[in-house]
Amino acid sequence: MTKLEAVIQPSKFEDVKDALLEIGVEGMTVIEVRGHGRQKGHTEFYRGREYTVDVLPKVKIEAVLPDRLVDSAIQAITNAARTGKIGDGKIFLSRIDDAIRIRNDERGETAL
Amino acid sequence: MSSPTTDYTLRAYYRQEFERLRGEFEANGSGEASVRNRTAVVDKLALQLWEQYAFTHASSGFALAALGGFGRRALFPYSDVDLLFLAENEALRGNMKEPVRSICQEMWDIGLRVSPTTRTLDDCARFDQDNVEFTISLLDCRFLTGDEALFKRLREKVLPQLVARESDLLVQRLAEVTRTRHLRFANTTFHLEPNLKDGPGGLRDSHVSQWLGAIAALDPGRKRPESLSLQHDSEGKELLDAIEFLSATRCYLHYRAKRDENVISWEAQDELAAKGIATKSGTISSAEWMRLYFRHARANHRNTNQLLEQVPGDRSSLYRSFLRWRSRVSNEEFSVVDGRVYLQQAGGARDPFVVLRLFTFMARHGVALSLETERRIKNASRALTDAMPQDARLWEHLRELLALPNAAEALRVMHSLNLLTRAIPEFETIDSLVLRDLYHRYTVDEHSFLAIEVLHRLKNNDVEWLQPFGELLSELERPELLFLALLLHDTGKGLAGTDHVHNSLQLAAAAVERMGLPQDDEQTVCFLIATHLEMSSTLRRRDIYDPETVRELAGKVGTTERLKMLTLLTLADIKSVNPEALTPWKAENLWRLYAGTANYFDRSVDEERFHAEVCTEQVERVAALLPKRRSQLLKFLDGLPQRYLMSHSPDQVILHFEMASQLRKEPVQLGVRRVSGQHELTVVTADRAGLFSTLAGILYGWGMDITKASAFSNRGGVIVDSFYFKDRFRTLELNPPERERFKKSVVEILMHEAPLDPLLESRLKADTKPAKLKVETKLRYDDESSPSSTLLEVITQDRPGLLYTISSTLANENCSIEVALIDTEGAVAHDVFYLTRDRMKLTREQQRATEWALTTELSDSLPSNW
């Protein structure tokens with residue numbers, strides 16, 4: 001099993017969610033986050049007040065997937081979230097040892 | 001009812017009786033009978049067990065009593081059974097340990113959820129502030145068996161003494177616990193899946209009413225609370241009906257879930273409606289059933305609130321002073337006593353205009369309706385219903401009410417008395433309407449009230465991330481239009497079809513037309529309703545930092561004022577979906593989208609100019625009004641910024657065109673009109689150096705306070721300058737001939753037939769009033785936003801003659817003002833100028849020189865006492 005964490009533009013969340021559902025990703029956790037990578041901040045003015053926008057709004061999606069779905073999930077996310085501009089986001093993958101369904105103690109991939 | 005005998009176990013007996021009671025409930029649907037009968041069954045079991053385990057141990061000095069719902073003879077199918085084992089003293093309590101354990105064990109085995117407590121008389125006499133629930137539960141205590149004389153000592157001596165001694169504290173703590181409980185449900189009855197026990201208006205509220213009554217009865221010094229529940233007329237019956245409705249529903253929920261379930265889930269709502277539980281007419285729709293529920297719960301909630309209003313809680317003397325202060329707001333129509341409002345003339349309840357003023361009074365002062373006034377209005381409901389205005393006379397009251405700080409609560413009361421739907425029949429579509437989705441937590445009408453409340457609370461909120469929105473609200477010119485839009489924005493949800501925005505728009509359009517709103521206002525309200533999902537959708541689906549997203553939104557919204565209203569509407573709409581819906585993250589994104597679009601409005605004027613060869617829909621609308629002079633009109637519009645078209649109605653554009661057409665005869669064309677308590681001066685003339693600053697100087701010389709201004713010019717060099725100003729000394733209002741003298745003065749000075757300086761000198765001597773707030777001056781240049789001008793943004797302290805100071809300084813620096821956008825918010829002036837020098841952008845050196853000149857002038861022009 002693999003844990004997939006994707007940090008994407010908020011405006012791409014609906015498309016990414018739909019794309020993941022389509023390839024059979026049934027569950028995900030969605031978190032409203034702020035951050036930046038290479039896309040550093042900038043300064044904005046509103047009515048004479050200066051706003052430093054050093055961290056930008058992003059959406060983080062977390063999902064633990066059976067290994068067979070990982071490649072198609074990556075493909076689905078990149079297709080749906082890519083604009084080609086700086087700030088499109090990143091995907092991180094990590095290995096997961098086990099999963100346990102609290103309701104009935106199912107373990108491993110069946111618990112996903 | 002059979003009796004438990006030795007033929008079968010107590011457990012079997014209880015099961016048999018439980019099934020019998022369930023059958024009876026299914027047959028007759030009576031909640032009251034069901035809970036009374038279960039109480040009788042458990043009574044028998046308790047007596048049997050007492051005889052079995054305790055009788056031999058304690059013939060005196062020990063008693064068994066029922067507490068809570070068991071004590072009230074209102075034991076719901078799966079409710080806990082609260083038992084009090086009362087011992088005369090500590091020694092006896094020790095002796096009874098084993099029998100108590102056995103009795104409780106047996107009851108658990110039978111299938112009863114027992115909640116036992118063993119206390120001595122001395123324990124019961126003590127008031128424990130941290131366990132007020134125990135003392136309150138004693139108010140329901142009922143003798144079951146054992147030493148009756150001992151129980152009587154508790155009931156007739158210990159309890160009355162305790163209540164008499166601690167009644168203030170007891171009542172305060174009860175009120176506090178109740179308020180905290182209500183707060184858990186956001187203080188509203190109108191949840192989509194309500195909790196009929198603990199939610200506001202639930203059964204617990206009727207217990208609170210009973211307890212307050214019981215405390216008053218036990219404490220001779222305490223005034224009996226004024227309560228609907230103590231009335232033996234139709235109002236008292238209304239509450240009894242509510243209790244029966246809630247009881248029957250709770251019984252159903254318990255039997256259905258086979259546990260102590262008190263939430264009326266969507267699935268349960270469908271079943272309750274299909275089975276006609278607690279209805280008199282059998283099967284009804286889920287929506288109708290929920291309306292019945294909310295009607296009963298609302299009556300119960302209002303009664304409890306009336307009682308709680310009479311309990312000042314453990315609040316400080318400051319609060320009591322506040323109540324006394326509120327009593328000083330009484331006037332010739334309404335009096336306020338202890339925070340509740342009464343009619344001075346009883347007959348006023350039959351006059352819809354008095355009643356509308358009463359709600360406005362409540363919205364202004366945040367006072368609750370007294371029981372007496374509520375009763376009078378209910379009694380006069382037929383007369384009120386017939387005479388309630390729905391036209392411009394209604395809007396006259398409503399516009400005032402909506403903008404007042406406690407508008408939402410006043411509207412809720414108006415709605416609970418069926419007067420809001422009478423005044424605005426379109427609102428009836430969403431009366432207590434449950435729409436099932438995963439996000440909304442409240443009925444549609446409550447969501448609308450809550451949205452209004454959310455905005456009013458912005459004014460005094462201390463949540464940092466909401467503060468910019470509070471400032472935005474205070475800047476609105478016509479907040480009542482936004483509040484009206486919020487009231488009506490979801491009315492379409494009550495109609496068939498999937499497009500609720502379209503349906504709401506249809507309903508709202510009919511309502512605002514009937515209320516006779518001026519055309520501009522009508523369009524603003526309809527615009528807000530038609531686009532109320534626009535910003536939410538942009539936040540979800542678009543990159544808010546993409547200039548194209550901002551440009552598109554700006555194109556749809558049109559003006560900064562509308563953008564402010566739509567931003568606030570979006571915020572309120574999200575926040576009133578459920579308490580967690582508006583996160584700081586969402587609010588920040590909304591603010592950034594607002595700020596980006598507002599900046600775009602200020603910085604894109606040059607970019608977005610009208611070209612005669614590309615007619616927009618907006619231009620076509622204007623042109624349709626003058627089909628025979630289309631080409632002349634297009635020539636007049638050519639080169640004017642889109643912003644000009646967005647910020648003026650077609651009628652105003654036509655008027656300016658007509659003025660421009662007259663320039664050959666009269667080279668200065670003027671228009672003066674009153675708009676929303678201010679005056680507007682429009683000047684159409686040929687452009688010339690220093691024109692804008694001369695106009696600003698004339699207005700200052702006349703003592704006018706400029707709050708907004710704009711200056712636009714077309715390709716042919718015709719300028720349209722508009723100034724909104726406050727007539728500080730009411731010169732034009734009080735002296736009608738002065739109006740003509742004012743216009744003559746403007747024309748003469750612009751035509752160089754009269755000098756400006758004497759007018760300015762007389763004014764400079766007069767203005768010495770000190771400022772209340774200090775604002776630091778900030779100047780910022782922007783060379784990026786416009787292809788042909790340098791933008792200068794000026795933020796500074798507003799003061800008399802400010803615009804003249806700035807514009808004359810710019811003129812002295814040989815800067816041409818191509819476009820000016822002038823705004824004032826309280827003490828802060830926010831002006832944006834599009835500047836050129838010799839038809840070019842300003843060089844860095846020119847910018848520095850102009851900045852130095854402006855900084856010096858703005859510092860020198862502040863009166864010495866500012």
# chains A, B, ... in the order shown; residues from 1 in each chain; ligands from 1
call {"tool": "interface_residues", "arguments": {"of": "chain A", "to": "chain B", "cutoff": "10 Å", "atoms": "only C-alpha atoms", "output": "ChimeraX atom specification"}}
result
/A:9-15,32-34,44-49,51,53,56-58
call {"tool": "write_last_selection", "arguments": {"atoms": "C-alpha atoms", "output": "JSON list (two decimals), in the first residue's frame"}}
result
[["chain", "number", "residue", "atom", "x", "y", "z"],
["A", 9, "GLN", "CA", -4.39, 24.47, -6.45],
["A", 10, "PRO", "CA", -7.80, 24.87, -4.71],
["A", 11, "SER", "CA", -9.41, 25.57, -8.07],
["A", 12, "LYS", "CA", -8.37, 22.12, -9.30],
["A", 13, "PHE", "CA", -9.75, 20.19, -6.35],
["A", 14, "GLU", "CA", -13.16, 19.34, -7.87],
["A", 15, "ASP", "CA", -11.54, 18.06, -11.08],
["A", 32, "GLU", "CA", -7.34, 23.24, 3.52],
["A", 33, "VAL", "CA", -3.70, 24.30, 3.78],
["A", 34, "ARG", "CA", -1.43, 27.22, 2.98],
["A", 44, "GLU", "CA", -0.22, 43.18, -2.74],
["A", 45, "PHE", "CA", -1.81, 46.49, -1.89],
["A", 46, "TYR", "CA", -5.38, 47.15, -0.98],
["A", 47, "ARG", "CA", -6.41, 50.66, -0.13],
["A", 48, "GLY", "CA", -2.92, 51.66, 0.89],
["A", 49, "ARG", "CA", -2.42, 48.63, 3.06],
["A", 51, "TYR", "CA", -0.38, 42.50, 2.22],
["A", 53, "VAL", "CA", 1.24, 36.97, 0.31],
["A", 56, "LEU", "CA", -0.78, 30.73, -0.80],
["A", 57, "PRO", "CA", -3.97, 28.73, -0.32],
["A", 58, "LYS", "CA", -3.69, 25.10, -1.39]]
call {"tool": "residues_around", "arguments": {"residues": "Asp88 of chain A", "least_positions_apart": "4", "cutoff": "9 Å", "atoms": "only C-alpha atoms", "output": "ChimeraX atom specification"}}
result
/A:7-9,12,78,81-84
call {"tool": "select_by_dssp", "arguments": {"residues": "segment 76-108 of chain B", "states": "strand (DSSP E)", "output": "PyMOL selection string"}}
result
chain B and resi 81-87
call {"tool": "residues_around", "arguments": {"residues": "segment 203-217 of chain B", "least_positions_apart": "6", "cutoff": "8 Å", "atoms": "only C-alpha atoms", "output": "mmCIF file with N, CA and C atoms, in the first residue's frame"}}
result
data_model
loop_
_atom_site.group_PDB
_atom_site.id
_atom_site.type_symbol
_atom_site.label_atom_id
_atom_site.label_comp_id
_atom_site.auth_asym_id
_atom_site.auth_seq_id
_atom_site.Cartn_x
_atom_site.Cartn_y
_atom_site.Cartn_z
ATOM 1 N N ILE B 136 -31.845 19.846 41.223
ATOM 2 C CA ILE B 136 -32.963 20.030 40.288
ATOM 3 C C ILE B 136 -33.744 18.729 40.131
ATOM 4 N N LEU B 139 -36.536 18.072 42.462
ATOM 5 C CA LEU B 139 -37.826 18.747 42.240
ATOM 6 C C LEU B 139 -38.855 17.779 41.663
ATOM 7 N N VAL B 163 -34.718 24.988 48.706
ATOM 8 C CA VAL B 163 -35.094 25.859 47.589
ATOM 9 C C VAL B 163 -35.251 27.297 48.067
ATOM 10 N N SER B 167 -32.737 29.609 46.256
ATOM 11 C CA SER B 167 -33.512 29.708 45.017
ATOM 12 C C SER B 167 -32.847 30.596 43.976
ATOM 13 N N VAL B 171 -31.945 29.022 40.429
ATOM 14 C CA VAL B 171 -32.559 29.524 39.203
ATOM 15 C C VAL B 171 -31.471 30.006 38.235
ATOM 16 N N LEU B 174 -29.678 27.007 36.775
ATOM 17 C CA LEU B 174 -30.561 26.317 35.816
ATOM 18 C C LEU B 174 -30.600 27.092 34.496
ATOM 19 N N THR B 178 -29.175 25.864 30.894
ATOM 20 C CA THR B 178 -30.083 25.860 29.742
ATOM 21 C C THR B 178 -29.498 26.681 28.597
ATOM 22 N N LEU B 196 -34.817 16.307 19.569
ATOM 23 C CA LEU B 196 -36.074 16.754 20.190
ATOM 24 C C LEU B 196 -36.049 16.694 21.710
ATOM 25 N N LYS B 197 -34.931 16.244 22.257
ATOM 26 C CA LYS B 197 -34.846 16.280 23.720
ATOM 27 C C LYS B 197 -34.050 17.512 24.161
ATOM 28 N N LYS B 223 -41.186 35.617 42.949
ATOM 29 C CA LYS B 223 -42.301 35.959 42.073
ATOM 30 C C LYS B 223 -42.498 34.810 41.085
ATOM 31 N N ARG B 224 -43.746 34.431 40.923
ATOM 32 C CA ARG B 224 -44.012 33.344 39.994
ATOM 33 C C ARG B 224 -43.697 33.824 38.571
ATOM 34 N N PRO B 225 -42.910 33.086 37.810
ATOM 35 C CA PRO B 225 -42.538 33.591 36.487
ATOM 36 C C PRO B 225 -43.741 33.685 35.553
ATOM 37 N N SER B 229 -46.805 28.645 29.752
ATOM 38 C CA SER B 229 -47.114 27.294 30.209
ATOM 39 C C SER B 229 -48.037 27.290 31.416
ATOM 40 N N ILE B 243 -46.000 19.482 23.870
ATOM 41 C CA ILE B 243 -45.394 18.418 24.684
ATOM 42 C C ILE B 243 -45.897 17.043 24.219
ATOM 43 N N LEU B 246 -44.162 16.202 20.928
ATOM 44 C CA LEU B 246 -42.767 15.811 21.137
ATOM 45 C C LEU B 246 -42.681 14.452 21.821
ATOM 46 N N SER B 247 -43.608 14.205 22.758
ATOM 47 C CA SER B 247 -43.586 12.930 23.487
ATOM 48 C C SER B 247 -43.866 11.766 22.546
ATOM 49 N N ASN B 300 -42.463 26.042 22.211
ATOM 50 C CA ASN B 300 -41.785 25.602 23.431
ATOM 51 C C ASN B 300 -40.532 26.441 23.698
ATOM 52 N N HIS B 301 -39.781 26.682 22.651
ATOM 53 C CA HIS B 301 -38.536 27.451 22.777
ATOM 54 C C HIS B 301 -38.834 28.879 23.210
ATOM 55 N N ASN B 303 -41.382 29.972 24.821
ATOM 56 C CA ASN B 303 -41.831 29.988 26.215
ATOM 57 C C ASN B 303 -40.634 29.912 27.158
ATOM 58 N N THR B 304 -39.695 29.020 26.853
ATOM 59 C CA THR B 304 -38.512 28.892 27.715
ATOM 60 C C THR B 304 -37.691 30.173 27.676
ATOM 61 N N LEU B 307 -39.123 32.729 29.853
ATOM 62 C CA LEU B 307 -38.817 32.473 31.264
ATOM 63 C C LEU B 307 -37.364 32.819 31.575
#
call {"tool": "residues_around", "arguments": {"residues": "Ser335 of chain B", "least_positions_apart": "2", "cutoff": "12 Å", "atoms": "only C-alpha atoms", "output": "number ranges by chain"}}
result
B: 324, 326-333, 337-346, 358, 361-362, 365, 367-370, 373
call {"tool": "atom_distance", "arguments": {"atom1": "atom CA of Leu633 of chain B", "atom2": "atom CA of Gln669 of chain B"}}
result
16.9 Å
call {"tool": "residues_around", "arguments": {"residues": "Arg730 of chain B", "least_positions_apart": "6", "cutoff": "12 Å", "atoms": "only C-alpha atoms", "output": "ChimeraX atom specification"}}
result
/B:677-679,702-705,736,738-739
call {"tool": "residues_around", "arguments": {"residues": "Glu480 of chain B", "least_positions_apart": "6", "cutoff": "8 Å", "atoms": "only C-alpha atoms", "output": "ChimeraX atom specification"}}
result
/B:399-400,402-403
call {"tool": "write_last_selection", "arguments": {"atoms": "C-alpha atoms", "output": "PDB file, in the first residue's frame"}}
result
ATOM      1  CA  ARG B 399     -35.523  49.196   5.010  1.00  0.00           C
ATOM      2  CA  GLU B 400     -34.968  50.723   8.421  1.00  0.00           C
ATOM      3  CA  LEU B 402     -33.073  45.414   8.110  1.00  0.00           C
ATOM      4  CA  ALA B 403     -30.108  47.706   8.676  1.00  0.00           C
TER       5      ALA B 403
END
call {"tool": "residues_around", "arguments": {"residues": "Phe92 of chain A", "least_positions_apart": "5", "cutoff": "7 Å", "atoms": "only C-alpha atoms", "output": "ChimeraX atom specification"}}
result
/A:4-6
call {"tool": "closest_residue", "arguments": {"among": "A:Ala80, A:Ala63, A:Val16, A:Leu69", "to": "Ser94 of chain A", "atoms": "only C-alpha atoms"}}
result
A:Ala63
call {"tool": "atom_distance", "arguments": {"atom1": "atom CA of Phe353 of chain B", "atom2": "atom CA of Arg298 of chain B"}}
result
25.1 Å
call {"tool": "select_by_dssp", "arguments": {"residues": "chain A", "states": "helix (DSSP H, G or I)", "output": "count of residues only"}}
result
32
call {"tool": "closest_residue", "arguments": {"among": "B:Lys774, B:Arg412, B:Arg422, B:His296", "to": "Ser381 of chain B", "atoms": "only C-alpha atoms"}}
result
B:Arg422
call {"tool": "closest_residue", "arguments": {"among": "A:Lys85, A:Arg68, A:Arg95, A:Lys60", "to": "Ile23 of chain A", "atoms": "only C-alpha atoms"}}
result
A:Arg68
call {"tool": "atom_distance", "arguments": {"atom1": "atom CA of Asp757 of chain B", "atom2": "atom CA of Asn714 of chain B"}}
result
29.6 Å
call {"tool": "decode", "arguments": {"residues": "segment 287-305 of chain B", "atoms": "N, CA and C atoms", "output": "short mmCIF file (atom, residue, chain, number, x, y, z; two decimals), in the first residue's frame"}}
result
data_model
loop_
_atom_site.label_atom_id
_atom_site.label_comp_id
_atom_site.auth_asym_id
_atom_site.auth_seq_id
_atom_site.Cartn_x
_atom_site.Cartn_y
_atom_site.Cartn_z
N ALA B 287 -42.09 17.26 4.55
CA ALA B 287 -41.96 18.71 4.74
C ALA B 287 -43.06 19.24 5.66
N GLU B 288 -44.28 18.74 5.44
CA GLU B 288 -45.40 19.18 6.29
C GLU B 288 -45.19 18.73 7.73
N TRP B 289 -44.72 17.48 7.87
CA TRP B 289 -44.52 16.96 9.22
C TRP B 289 -43.48 17.80 9.96
N MET B 290 -42.40 18.16 9.25
CA MET B 290 -41.35 18.96 9.89
C MET B 290 -41.86 20.36 10.23
N ARG B 291 -42.75 20.90 9.38
CA ARG B 291 -43.33 22.21 9.72
C ARG B 291 -44.10 22.13 11.03
N LEU B 292 -44.85 20.98 11.19
CA LEU B 292 -45.57 20.79 12.45
C LEU B 292 -44.58 20.74 13.61
N TYR B 293 -43.51 19.97 13.41
CA TYR B 293 -42.51 19.86 14.47
C TYR B 293 -41.97 21.24 14.85
N PHE B 294 -41.56 22.00 13.84
CA PHE B 294 -40.96 23.30 14.14
C PHE B 294 -41.97 24.24 14.80
N ARG B 295 -43.25 24.12 14.41
CA ARG B 295 -44.27 24.99 15.04
C ARG B 295 -44.35 24.70 16.53
N HIS B 296 -44.37 23.41 16.87
CA HIS B 296 -44.45 23.03 18.29
C HIS B 296 -43.16 23.40 19.03
N ALA B 297 -42.02 23.07 18.40
CA ALA B 297 -40.75 23.35 19.07
C ALA B 297 -40.55 24.85 19.25
N ARG B 298 -40.98 25.62 18.25
CA ARG B 298 -40.82 27.07 18.35
C ARG B 298 -41.63 27.62 19.52
N ALA B 299 -42.87 27.11 19.70
CA ALA B 299 -43.71 27.57 20.82
C ALA B 299 -43.00 27.24 22.14
N ASN B 300 -42.46 26.04 22.21
CA ASN B 300 -41.79 25.60 23.43
C ASN B 300 -40.53 26.44 23.70
N HIS B 301 -39.78 26.68 22.65
CA HIS B 301 -38.54 27.45 22.78
C HIS B 301 -38.83 28.88 23.21
N ARG B 302 -39.85 29.48 22.58
CA ARG B 302 -40.17 30.87 22.92
C ARG B 302 -40.62 30.97 24.37
N ASN B 303 -41.38 29.97 24.82
CA ASN B 303 -41.83 29.99 26.22
C ASN B 303 -40.63 29.91 27.16
N THR B 304 -39.69 29.02 26.85
CA THR B 304 -38.51 28.89 27.71
C THR B 304 -37.69 30.17 27.68
N ASN B 305 -37.56 30.74 26.50
CA ASN B 305 -36.80 31.99 26.41
C ASN B 305 -37.45 33.11 27.21
#
